>>> print(open('my_file_13.cif').read())   # mmCIF, C-alpha atoms
data_start
#
loop_
_atom_site.label_atom_id
_atom_site.label_comp_id
_atom_site.auth_asym_id
_atom_site.auth_seq_id
_atom_site.Cartn_x
_atom_site.Cartn_y
_atom_site.Cartn_z
CA MET Z 1 119.24 114.61 78.36
CA ALA Z 2 116.75 111.80 78.88
CA ILE Z 3 119.29 109.91 80.97
CA SER Z 4 120.12 112.87 83.18
CA ILE Z 5 116.41 113.41 83.80
CA SER Z 6 115.90 109.77 84.82
CA LYS Z 7 119.00 110.10 86.99
CA SER Z 8 117.53 113.06 88.80
CA TYR Z 9 114.36 111.02 89.37
CA TYR Z 10 116.53 108.24 90.77
CA TRP Z 11 117.89 110.69 93.34
CA LYS Z 12 114.42 112.07 94.05
CA GLY Z 13 113.33 108.53 94.86
CA PHE Z 14 116.48 108.03 96.90
CA ARG Z 15 115.73 111.13 98.97
CA ASP Z 16 112.09 110.13 99.52
CA GLY Z 17 113.23 106.63 100.51
CA MET Z 18 115.78 107.89 103.06
CA PRO Z 19 113.39 108.16 106.03
CA PHE Z 20 112.88 104.40 105.83
CA ILE Z 21 116.43 103.84 106.98
CA LEU Z 22 115.03 104.81 110.37
CA VAL Z 23 112.48 102.02 110.01
CA ALA Z 24 114.61 99.31 108.48
CA THR Z 25 117.33 99.72 111.10
CA PRO Z 26 115.32 98.84 114.22
CA PHE Z 27 113.05 96.45 112.32
CA GLY Z 28 115.90 94.51 110.72
CA THR Z 29 117.85 94.46 113.97
CA LEU Z 30 114.81 93.12 115.76
CA PHE Z 31 114.43 90.39 113.15
CA GLY Z 32 118.07 89.36 113.59
CA VAL Z 33 117.68 89.24 117.37
CA PHE Z 34 114.40 87.36 117.19
CA ALA Z 35 115.76 84.85 114.66
CA SER Z 36 118.93 84.15 116.61
CA GLU Z 37 116.81 83.57 119.71
CA ALA Z 38 114.75 81.09 117.69
CA GLY Z 39 117.98 79.18 116.99
CA LEU Z 40 118.78 80.23 113.42
CA ASN Z 41 122.46 80.69 112.53
CA ILE Z 42 123.84 83.79 110.83
CA GLY Z 43 123.81 82.18 107.37
CA GLN Z 44 120.16 81.28 107.74
CA ILE Z 45 119.23 84.73 109.05
CA MET Z 46 120.99 86.46 106.16
CA ALA Z 47 119.47 84.08 103.58
CA PHE Z 48 116.08 84.79 105.11
CA SER Z 49 116.40 88.59 104.94
CA ALA Z 50 118.02 88.63 101.50
CA ALA Z 51 115.79 86.11 99.74
CA VAL Z 52 112.43 86.89 101.33
CA PHE Z 53 112.93 90.64 101.89
CA ALA Z 54 109.59 91.12 103.65
CA GLY Z 55 109.77 91.99 107.33
CA ALA Z 56 106.23 91.26 108.42
CA ALA Z 57 106.17 87.88 106.65
CA GLN Z 58 109.56 86.95 108.11
CA PHE Z 59 108.36 87.74 111.63
CA THR Z 60 105.15 85.78 111.09
CA ALA Z 61 107.06 82.74 109.83
CA LEU Z 62 109.47 82.79 112.78
CA GLN Z 63 106.71 83.26 115.32
CA LEU Z 64 104.79 80.23 114.03
CA PHE Z 65 107.98 78.19 113.60
CA GLN Z 66 108.74 78.76 117.29
CA GLU Z 67 105.22 77.65 118.17
CA ASN Z 68 106.04 74.39 116.33
CA ALA Z 69 103.36 74.96 113.72
CA PRO Z 70 103.52 72.55 110.76
CA THR Z 71 105.73 73.83 107.94
CA VAL Z 72 102.75 74.13 105.58
CA ILE Z 73 100.92 76.42 108.02
CA VAL Z 74 104.06 78.50 108.56
CA LEU Z 75 104.42 79.02 104.81
CA ALA Z 76 100.73 79.66 104.16
CA SER Z 77 100.41 82.21 106.97
CA ALA Z 78 103.56 84.11 106.11
CA LEU Z 79 102.54 84.23 102.45
CA ALA Z 80 99.07 85.41 103.47
CA VAL Z 81 100.65 88.28 105.41
CA ASN Z 82 102.65 88.99 102.29
CA LEU Z 83 99.66 88.87 99.93
CA ARG Z 84 99.59 92.63 100.10
CA VAL Z 85 102.74 92.78 97.93
CA ALA Z 86 100.68 91.13 95.17
CA MET Z 87 98.22 94.00 95.52
CA TYR Z 88 101.11 96.48 95.46
CA SER Z 89 102.40 94.77 92.33
CA ALA Z 90 98.97 95.06 90.72
CA SER Z 91 98.66 98.66 91.76
CA LEU Z 92 102.08 99.56 90.28
CA THR Z 93 101.38 97.72 87.02
CA PRO Z 94 99.53 100.59 85.29
CA TYR Z 95 102.60 102.78 85.93
CA LEU Z 96 105.48 100.36 85.36
CA GLY Z 97 103.95 97.53 83.31
CA ALA Z 98 105.28 98.77 79.96
CA ALA Z 99 108.94 98.48 81.03
CA PRO Z 100 111.19 95.69 79.64
CA LEU Z 101 110.69 92.31 81.30
CA TRP Z 102 114.12 92.23 82.96
CA GLN Z 103 113.43 95.58 84.62
CA ARG Z 104 110.05 94.38 85.80
CA ALA Z 105 111.65 91.16 87.10
CA CYS Z 106 114.15 93.19 89.15
CA ALA Z 107 111.51 95.68 90.29
CA ALA Z 108 109.26 92.80 91.44
CA TYR Z 109 111.90 91.63 93.94
CA LEU Z 110 112.07 95.16 95.35
CA ILE Z 111 108.32 95.67 95.89
CA VAL Z 112 108.07 96.30 99.63
CA ASP Z 113 105.85 98.50 101.79
CA ASN Z 114 108.31 101.36 101.62
CA SER Z 115 109.04 101.46 97.90
CA TYR Z 116 105.37 101.01 97.10
CA ALA Z 117 104.10 103.68 99.48
CA VAL Z 118 106.61 106.28 98.33
CA SER Z 119 106.32 105.51 94.60
CA ILE Z 120 102.56 105.32 94.30
CA VAL Z 121 102.16 108.72 95.96
CA ARG Z 122 104.65 110.27 93.54
CA PHE Z 123 103.14 108.54 90.45
CA GLU Z 124 99.63 109.72 91.34
CA LYS Z 125 100.82 113.26 92.05
CA GLU Z 126 102.85 113.54 88.83
CA PRO Z 127 100.91 111.83 86.02
CA SER Z 128 103.24 113.41 83.43
CA MET Z 129 106.24 111.29 84.50
CA THR Z 130 107.66 109.07 81.74
CA LEU Z 131 108.12 105.32 82.17
CA ARG Z 132 111.90 105.72 82.59
CA GLN Z 133 111.46 108.41 85.21
CA ARG Z 134 109.04 106.18 87.11
CA MET Z 135 111.41 103.20 87.01
CA ALA Z 136 114.32 105.42 88.06
CA TYR Z 137 112.26 106.84 90.90
CA PHE Z 138 111.14 103.38 92.03
CA PHE Z 139 114.67 101.95 92.11
CA GLY Z 140 115.88 105.10 93.86
CA SER Z 141 113.24 104.72 96.55
CA VAL Z 142 114.46 101.23 97.60
CA THR Z 143 118.17 101.93 97.31
CA PRO Z 144 118.64 103.31 100.84
CA VAL Z 145 116.57 100.63 102.50
CA THR Z 146 117.91 97.44 100.90
CA PRO Z 147 121.49 97.49 102.29
CA THR Z 148 120.14 98.87 105.57
CA TRP Z 149 117.78 95.92 105.93
CA LEU Z 150 120.59 93.39 105.36
CA LEU Z 151 123.11 95.14 107.60
CA ALA Z 152 120.56 95.54 110.37
CA SER Z 153 119.60 91.84 110.19
CA TYR Z 154 123.29 90.98 110.46
CA PHE Z 155 123.78 93.37 113.36
CA GLY Z 156 120.75 91.90 115.14
CA ALA Z 157 121.96 88.35 114.57
CA ILE Z 158 125.29 89.20 116.22
CA LEU Z 159 123.68 91.19 118.98
CA GLY Z 160 121.46 88.23 119.77
CA ALA Z 161 119.73 88.36 123.07
CA GLN Z 162 121.60 91.40 124.38
CA ILE Z 163 118.85 93.85 123.40
CA SER Z 164 116.55 94.71 126.25
CA ASP Z 165 112.78 95.02 126.07
CA GLY Z 166 113.07 98.60 127.35
CA TRP Z 167 113.93 99.81 123.85
CA ALA Z 168 110.30 99.22 122.79
CA LEU Z 169 111.47 98.26 119.29
CA ASP Z 170 108.18 96.39 118.86
CA PHE Z 171 106.53 99.72 118.18
CA ALA Z 172 108.86 100.84 115.38
CA LEU Z 173 106.58 99.23 112.78
CA PRO Z 174 103.28 100.76 113.99
CA ILE Z 175 104.78 104.25 114.35
CA THR Z 176 106.30 104.17 110.89
CA PHE Z 177 103.17 102.95 109.19
CA LEU Z 178 100.94 105.36 111.11
CA ALA Z 179 103.19 108.19 109.98
CA LEU Z 180 102.58 107.05 106.39
CA ILE Z 181 98.80 106.94 106.78
CA GLY Z 182 98.31 110.66 107.51
CA PRO Z 183 99.60 111.97 104.18
CA MET Z 184 97.66 109.21 102.34
CA MET Z 185 94.28 110.69 103.37
CA ARG Z 186 93.91 112.76 100.24
CA THR Z 187 90.19 112.28 99.50
CA LEU Z 188 87.04 111.21 101.34
CA PRO Z 189 87.10 107.68 99.82
CA HIS Z 190 90.65 107.24 101.15
CA VAL Z 191 89.41 108.11 104.64
CA VAL Z 192 86.43 105.74 104.28
CA ALA Z 193 88.72 102.91 103.13
CA ALA Z 194 91.04 103.38 106.12
CA LEU Z 195 88.23 103.62 108.68
CA VAL Z 196 86.45 100.51 107.40
CA ALA Z 197 89.75 98.59 107.33
CA ILE Z 198 90.43 99.55 110.97
CA LEU Z 199 86.91 98.67 112.14
CA VAL Z 200 87.05 95.25 110.47
CA SER Z 201 90.65 94.52 111.48
CA LEU Z 202 89.95 94.58 115.22
CA PRO Z 203 87.36 91.77 115.42
CA ALA Z 204 89.14 90.01 112.53
CA VAL Z 205 92.16 89.22 114.72
CA ALA Z 206 90.08 86.23 115.81
CA VAL Z 207 90.38 84.75 112.31
CA PRO Z 208 93.21 82.20 112.32
CA TYR Z 209 96.51 82.37 110.39
CA ASN Z 210 96.58 86.17 110.12
CA LEU Z 211 93.88 86.10 107.46
CA GLY Z 212 92.13 88.93 109.34
CA ILE Z 213 94.56 91.49 107.85
CA LEU Z 214 93.56 90.44 104.35
CA ILE Z 215 89.85 90.36 105.12
CA ALA Z 216 90.00 93.83 106.66
CA GLY Z 217 92.12 95.11 103.78
CA MET Z 218 89.66 93.81 101.20
CA ALA Z 219 86.76 95.36 103.13
CA GLY Z 220 88.57 98.70 103.14
CA MET Z 221 89.28 98.51 99.42
CA VAL Z 222 85.67 97.72 98.56
CA ALA Z 223 84.49 100.54 100.84
CA GLY Z 224 86.87 103.02 99.21
CA ALA Z 225 85.82 101.99 95.70
CA GLN Z 226 82.12 102.22 96.59
CA ALA Z 227 82.57 105.63 98.22
CA GLU Z 228 84.33 106.83 95.07
CA LEU Z 229 81.44 105.60 92.88
CA MET Z 230 78.84 107.24 95.14
CA LEU Z 231 80.66 110.57 95.14
CA ALA Z 232 81.03 110.45 91.36
CA ARG Z 233 77.31 109.76 90.96
CA ARG Z 234 76.38 112.67 93.21
CA THR Z 235 78.52 115.20 91.34
CA THR Z 236 77.30 114.21 87.85
CA MET L 1 118.81 76.72 123.42
CA ILE L 2 116.77 74.15 121.54
CA GLN L 3 118.33 72.97 118.30
CA PRO L 4 115.69 73.61 115.64
CA ASP L 5 115.12 71.25 112.75
CA GLN L 6 117.50 72.43 110.01
CA THR L 7 115.52 70.92 107.13
CA SER L 8 112.30 72.70 108.00
CA ILE L 9 114.13 76.02 108.48
CA TRP L 10 115.51 75.79 104.95
CA ILE L 11 112.16 74.67 103.54
CA ILE L 12 110.56 77.73 105.15
CA ILE L 13 113.25 80.12 103.88
CA ILE L 14 113.21 78.78 100.32
CA GLY L 15 109.43 78.37 100.18
CA LEU L 16 108.88 81.92 101.43
CA ALA L 17 111.47 83.33 99.04
CA VAL L 18 109.90 81.65 96.00
CA GLY L 19 106.33 82.36 97.14
CA SER L 20 107.00 86.02 97.92
CA TYR L 21 108.71 86.55 94.59
CA LEU L 22 105.77 85.00 92.74
CA LEU L 23 103.35 87.25 94.64
CA ARG L 24 105.40 90.28 93.62
CA PHE L 25 105.94 89.20 90.02
CA THR L 26 102.44 88.03 89.06
CA PHE L 27 100.91 91.37 88.12
CA ILE L 28 103.87 93.51 87.16
CA GLY L 29 105.57 90.68 85.27
CA LEU L 30 102.72 88.76 83.68
CA VAL L 31 100.06 91.42 83.18
CA GLY L 32 102.58 93.99 81.94
CA ASP L 33 101.02 96.83 79.99
CA ARG L 34 97.80 95.06 79.09
CA PRO L 35 94.95 97.35 80.22
CA MET L 36 93.19 96.34 83.42
CA PRO L 37 89.42 96.81 83.91
CA PRO L 38 88.28 100.06 85.63
CA TRP L 39 86.62 98.24 88.56
CA LEU L 40 89.93 96.54 89.38
CA LEU L 41 91.87 99.79 89.18
CA ARG L 42 89.27 101.51 91.35
CA HIS L 43 89.82 98.92 94.07
CA LEU L 44 93.58 98.97 93.69
CA ARG L 45 93.63 102.71 94.39
CA TYR L 46 92.68 101.90 97.98
CA THR L 47 95.11 99.01 98.55
CA ALA L 48 97.67 100.83 100.67
CA VAL L 49 95.19 102.99 102.49
CA ALA L 50 93.24 99.86 103.57
CA ILE L 51 95.92 97.22 104.17
CA VAL L 52 98.30 99.42 106.18
CA PRO L 53 95.68 100.44 108.79
CA ALA L 54 94.41 96.82 108.90
CA LEU L 55 97.93 95.65 109.73
CA ILE L 56 98.55 98.37 112.32
CA ALA L 57 95.25 98.78 114.21
CA PRO L 58 95.48 95.45 116.11
CA LEU L 59 99.16 96.12 116.96
CA VAL L 60 98.17 99.46 118.50
CA VAL L 61 95.20 98.16 120.46
CA TRP L 62 96.85 94.93 121.60
CA PRO L 63 100.64 95.47 121.53
CA SER L 64 102.67 92.26 121.48
CA ALA L 65 105.30 93.68 123.87
CA THR L 66 102.73 93.96 126.67
CA GLU L 67 101.26 90.55 125.82
CA GLY L 68 98.17 92.14 124.35
CA GLN L 69 97.36 94.48 127.25
CA PRO L 70 96.31 97.93 125.97
CA ASP L 71 99.14 100.28 126.85
CA VAL L 72 98.92 104.06 127.43
CA PRO L 73 102.36 105.08 126.07
CA ARG L 74 101.84 103.06 122.87
CA MET L 75 98.26 104.27 122.32
CA ALA L 76 99.34 107.89 122.91
CA ALA L 77 102.32 107.50 120.57
CA ALA L 78 100.00 106.08 117.90
CA ALA L 79 97.54 108.95 118.28
CA VAL L 80 100.30 111.59 118.13
CA THR L 81 101.91 109.98 115.07
CA LEU L 82 98.63 109.80 113.20
CA GLY L 83 97.58 113.31 114.26
CA VAL L 84 100.86 114.96 113.27
CA GLY L 85 100.82 113.05 109.97
CA LEU L 86 97.28 114.18 109.16
CA TRP L 87 98.02 117.77 110.12
CA SER L 88 101.50 118.26 108.66
CA LYS L 89 101.41 115.68 105.82
CA ASN L 90 105.05 115.12 106.75
CA VAL L 91 106.09 111.49 107.32
CA LEU L 92 109.31 112.23 109.19
CA ALA L 93 107.73 114.83 111.48
CA ALA L 94 104.99 112.32 112.35
CA MET L 95 107.52 109.56 113.00
CA PHE L 96 109.70 111.66 115.30
CA SER L 97 106.76 113.06 117.28
CA GLY L 98 105.43 109.53 117.76
CA ALA L 99 108.79 108.14 118.86
CA ALA L 100 109.33 111.10 121.22
CA THR L 101 105.89 110.53 122.75
CA LEU L 102 106.55 106.81 123.19
CA TYR L 103 109.95 107.21 124.85
CA GLY L 104 108.81 110.19 126.90
CA LEU L 105 105.84 108.33 128.32
CA LEU L 106 107.73 105.06 128.82
CA TYR L 107 110.29 107.06 130.80
CA LEU L 108 107.62 108.81 132.90
CA VAL L 109 105.49 105.71 133.52
CA GLY L 110 108.60 103.64 134.13
#
>>> encode(input="my_file_13.cif", output="structure tokens")
Amino acid sequence: MAISISKSYYWKGFRDGMPFILVATPFGTLFGVFASEAGLNIGQIMAFSAAVFAGAAQFTALQLFQENAPTVIVLASALAVNLRVAMYSASLTPYLGAAPLWQRACAAYLIVDNSYAVSIVRFEKEPSMTLRQRMAYFFGSVTPVTPTWLLASYFGAILGAQISDGWALDFALPITFLALIGPMMRTLPHVVAALVAILVSLPAVAVPYNLGILIAGMAGMVAGAQAELMLARRTT
Amino acid sequence: MIQPDQTSIWIIIIGLAVGSYLLRFTFIGLVGDRPMPPWLLRHLRYTAVAIVPALIAPLVVWPSATEGQPDVPRMAAAAVTLGVGLWSKNVLAAMFSGAATLYGLLYLVG
């Protein structure tokens, strides 16, 4: 009984993760194309996508590598872009932290924008879910996207420079993430957090090494938390 | 094509793989089910809703494909995607409307 219920949560996660195939396909393909243009061979491109498994960080690293930035700067910047997965990890911990260590070790590798965004919404909406159901849901939510990401990187690597700029694949990432933002605006503090993050992010592009994203993100988080406190004070 | 330095490529791949895994593992692996303070949880509630817009806003205003020139089809696509998402609360509907707007306008503008 318990197993069949976790199984059905696995498939719920799977279904909710499906739309991200539409994201991972162009995004992974673009990475493969971009990396092969930078001179990486197929083995390196596949190792990159499989071991790092973080699109934005991979793009950042390649961009800086092509600009002949020192290796230390390449690593530091790409990891800074990826710092948000540490925040995702922290944010999932109250929901998944009680699971066995091996499950958490596997789940950690699979914490990406997509699995986080889908899972956290479900966990907040359904506080009655058990730990097993949450784990099942989380693994389900990344199942469609993981093979897609690898296949698309491979496809892009083979395709190389044949893709034309007219496809506007650069905008696949913004459109996907913007589509995610709408349903996230559940309360006033959520809206405040997003608005502050946007306002800070624009001038913060001047901050070197992509640190602006983190600064703006932190500002948004503080603003959201403060708005929540203020609203709570007013209602009590 | 320039032949890139193989050693630094592998250092970058391995360094990023290890670093990214540590970033992902720190909280969920090491903190586990120990309770976290309320102020931390209060901030963490707004992680996604702050970081995602912070990542996207500059890409919308200064798209890399146009070398940072603000671009009408991309701005319009962004506005439609966000608007449909806010109104319908449906991720796929928002995504398709945004993509349709982008391709439609790119086709019209040329």
>>> residues_around(input="my_file_13.cif", residues="Val33 of chain Z", least_positions_apart="4", cutoff="8 Å", atoms="all atoms listed in the file", output="ChimeraX atom specification")
/Z:29,37,153,156-161,163
>>> interface_residues(input="my_file_13.cif", of="chain L", to="chain Z", cutoff="6 Å", atoms="all atoms listed in the file", output="PyMOL selection string")
chain L and resi 13+17+23-25+27-29+32-33+42-44+46-47+49-51+53-58+81-82+85-86+89+91+94-95
>>> resolve_selection(input="my_file_13.cif", expression="the PyMOL selection byres ((chain Z and resi 141) around 7)", output="PyMOL selection string")
chain Z and resi 13-14+16-17+115+137-140+142-143
>>> resolve_selection(input="my_file_13.cif", expression="the PyMOL selection byres ((chain L and resi 74) around 8)", output="short mmCIF file (atom, residue, chain, number, x, y, z; two decimals) with C-alpha atoms, keeping the file's coordinate frame")
data_model
loop_
_atom_site.label_atom_id
_atom_site.label_comp_id
_atom_site.auth_asym_id
_atom_site.auth_seq_id
_atom_site.Cartn_x
_atom_site.Cartn_y
_atom_site.Cartn_z
CA PHE Z 171 106.53 99.72 118.18
CA VAL L 60 98.17 99.46 118.50
CA PRO L 63 100.64 95.47 121.53
CA ASP L 71 99.14 100.28 126.85
CA VAL L 72 98.92 104.06 127.43
CA PRO L 73 102.36 105.08 126.07
CA MET L 75 98.26 104.27 122.32
CA ALA L 76 99.34 107.89 122.91
CA ALA L 77 102.32 107.50 120.57
CA ALA L 78 100.00 106.08 117.90
CA LEU L 102 106.55 106.81 123.19
#
>>> atom_distance(input="my_file_13.cif", atom1="atom CA of Thr148 of chain Z", atom2="atom CA of Ile42 of chain Z")
16.4 Å
>>> axis_aligned_box(input="my_file_13.cif", around="segment 49-68 of chain L", padding_each_side="8 Å", output="AutoDock Vina command-line options")
--center_x 99.3 --center_y 96.8 --center_z 114.6 --size_x 28.1 --size_y 28.4 --size_z 40.2
>>> atom_distance(input="my_file_13.cif", atom1="atom CA of Ala79 of chain L", atom2="atom CA of Trp149 of chain Z")
27.1 Å
>>> atom_distance(input="my_file_13.cif", atom1="atom CA of Leu30 of chain Z", atom2="atom CA of Ala152 of chain Z")
8.2 Å
>>> closest_residue(input="my_file_13.cif", among="Z:Gly28, Z:Met230, Z:Ser36, Z:Phe59", to="Pro4 of chain L", atoms="only C-alpha atoms")
Z:Ser36
>>> build_atoms(input="my_file_13.cif", residues="segment 6-37 of chain L", atoms="N, CA and C atoms", output="CSV table (one decimal), keeping the file's coordinate frame")
chain,number,residue,atom,x,y,z
L,6,GLN,N,116.9,71.7,111.1
L,6,GLN,CA,117.5,72.4,110.0
L,6,GLN,C,116.7,72.3,108.7
L,7,THR,N,116.2,71.1,108.4
L,7,THR,CA,115.5,70.9,107.1
L,7,THR,C,114.3,71.8,107.0
L,8,SER,N,113.5,71.9,108.1
L,8,SER,CA,112.3,72.7,108.0
L,8,SER,C,112.6,74.2,108.0
L,9,ILE,N,113.7,74.6,108.6
L,9,ILE,CA,114.1,76.0,108.5
L,9,ILE,C,114.4,76.4,107.0
L,10,TRP,N,115.2,75.5,106.4
L,10,TRP,CA,115.5,75.8,105.0
L,10,TRP,C,114.3,75.7,104.1
L,11,ILE,N,113.4,74.7,104.3
L,11,ILE,CA,112.2,74.7,103.5
L,11,ILE,C,111.4,76.0,103.7
L,12,ILE,N,111.3,76.5,104.9
L,12,ILE,CA,110.6,77.7,105.2
L,12,ILE,C,111.2,78.9,104.4
L,13,ILE,N,112.6,79.0,104.5
L,13,ILE,CA,113.2,80.1,103.9
L,13,ILE,C,113.1,80.1,102.4
L,14,ILE,N,113.3,78.9,101.8
L,14,ILE,CA,113.2,78.8,100.3
L,14,ILE,C,111.8,78.9,99.8
L,15,GLY,N,110.8,78.3,100.6
L,15,GLY,CA,109.4,78.4,100.2
L,15,GLY,C,108.9,79.8,100.2
L,16,LEU,N,109.3,80.5,101.3
L,16,LEU,CA,108.9,81.9,101.4
L,16,LEU,C,109.5,82.8,100.4
L,17,ALA,N,110.8,82.5,100.0
L,17,ALA,CA,111.5,83.3,99.0
L,17,ALA,C,110.8,83.2,97.7
L,18,VAL,N,110.5,81.9,97.3
L,18,VAL,CA,109.9,81.6,96.0
L,18,VAL,C,108.5,82.2,96.0
L,19,GLY,N,107.7,81.9,97.1
L,19,GLY,CA,106.3,82.4,97.1
L,19,GLY,C,106.2,83.9,97.1
L,20,SER,N,107.1,84.6,97.9
L,20,SER,CA,107.0,86.0,97.9
L,20,SER,C,107.3,86.6,96.6
L,21,TYR,N,108.4,86.0,95.9
L,21,TYR,CA,108.7,86.6,94.6
L,21,TYR,C,107.6,86.4,93.6
L,22,LEU,N,106.9,85.2,93.6
L,22,LEU,CA,105.8,85.0,92.7
L,22,LEU,C,104.7,86.0,93.0
L,23,LEU,N,104.4,86.3,94.3
L,23,LEU,CA,103.4,87.2,94.6
L,23,LEU,C,103.7,88.6,94.0
L,24,ARG,N,105.0,89.0,94.1
L,24,ARG,CA,105.4,90.3,93.6
L,24,ARG,C,105.4,90.3,92.1
L,25,PHE,N,105.7,89.2,91.5
L,25,PHE,CA,105.9,89.2,90.0
L,25,PHE,C,104.6,89.1,89.2
L,26,THR,N,103.6,88.4,89.8
L,26,THR,CA,102.4,88.0,89.1
L,26,THR,C,101.9,89.2,88.2
L,27,PHE,N,101.6,90.3,88.9
L,27,PHE,CA,100.9,91.4,88.1
L,27,PHE,C,101.9,92.1,87.3
L,28,ILE,N,103.0,92.6,87.9
L,28,ILE,CA,103.9,93.5,87.2
L,28,ILE,C,104.6,92.8,86.0
L,29,GLY,N,104.8,91.5,86.3
L,29,GLY,CA,105.6,90.7,85.3
L,29,GLY,C,104.7,90.1,84.2
L,30,LEU,N,103.6,89.5,84.6
L,30,LEU,CA,102.7,88.8,83.7
L,30,LEU,C,101.7,89.6,83.0
L,31,VAL,N,101.1,90.6,83.8
L,31,VAL,CA,100.1,91.4,83.2
L,31,VAL,C,100.7,92.5,82.3
L,32,GLY,N,101.8,93.0,82.7
L,32,GLY,CA,102.6,94.0,81.9
L,32,GLY,C,101.7,95.2,81.6
L,33,ASP,N,101.8,95.6,80.3
L,33,ASP,CA,101.0,96.8,80.0
L,33,ASP,C,99.7,96.5,79.4
L,34,ARG,N,99.2,95.3,79.5
L,34,ARG,CA,97.8,95.1,79.1
L,34,ARG,C,96.9,95.9,80.0
L,35,PRO,N,95.8,96.5,79.4
L,35,PRO,CA,95.0,97.4,80.2
L,35,PRO,C,94.2,96.5,81.2
L,36,MET,N,94.0,97.0,82.4
L,36,MET,CA,93.2,96.3,83.4
L,36,MET,C,91.8,97.0,83.5
L,37,PRO,N,90.8,96.2,83.9
L,37,PRO,CA,89.4,96.8,83.9
L,37,PRO,C,89.3,97.9,85.0
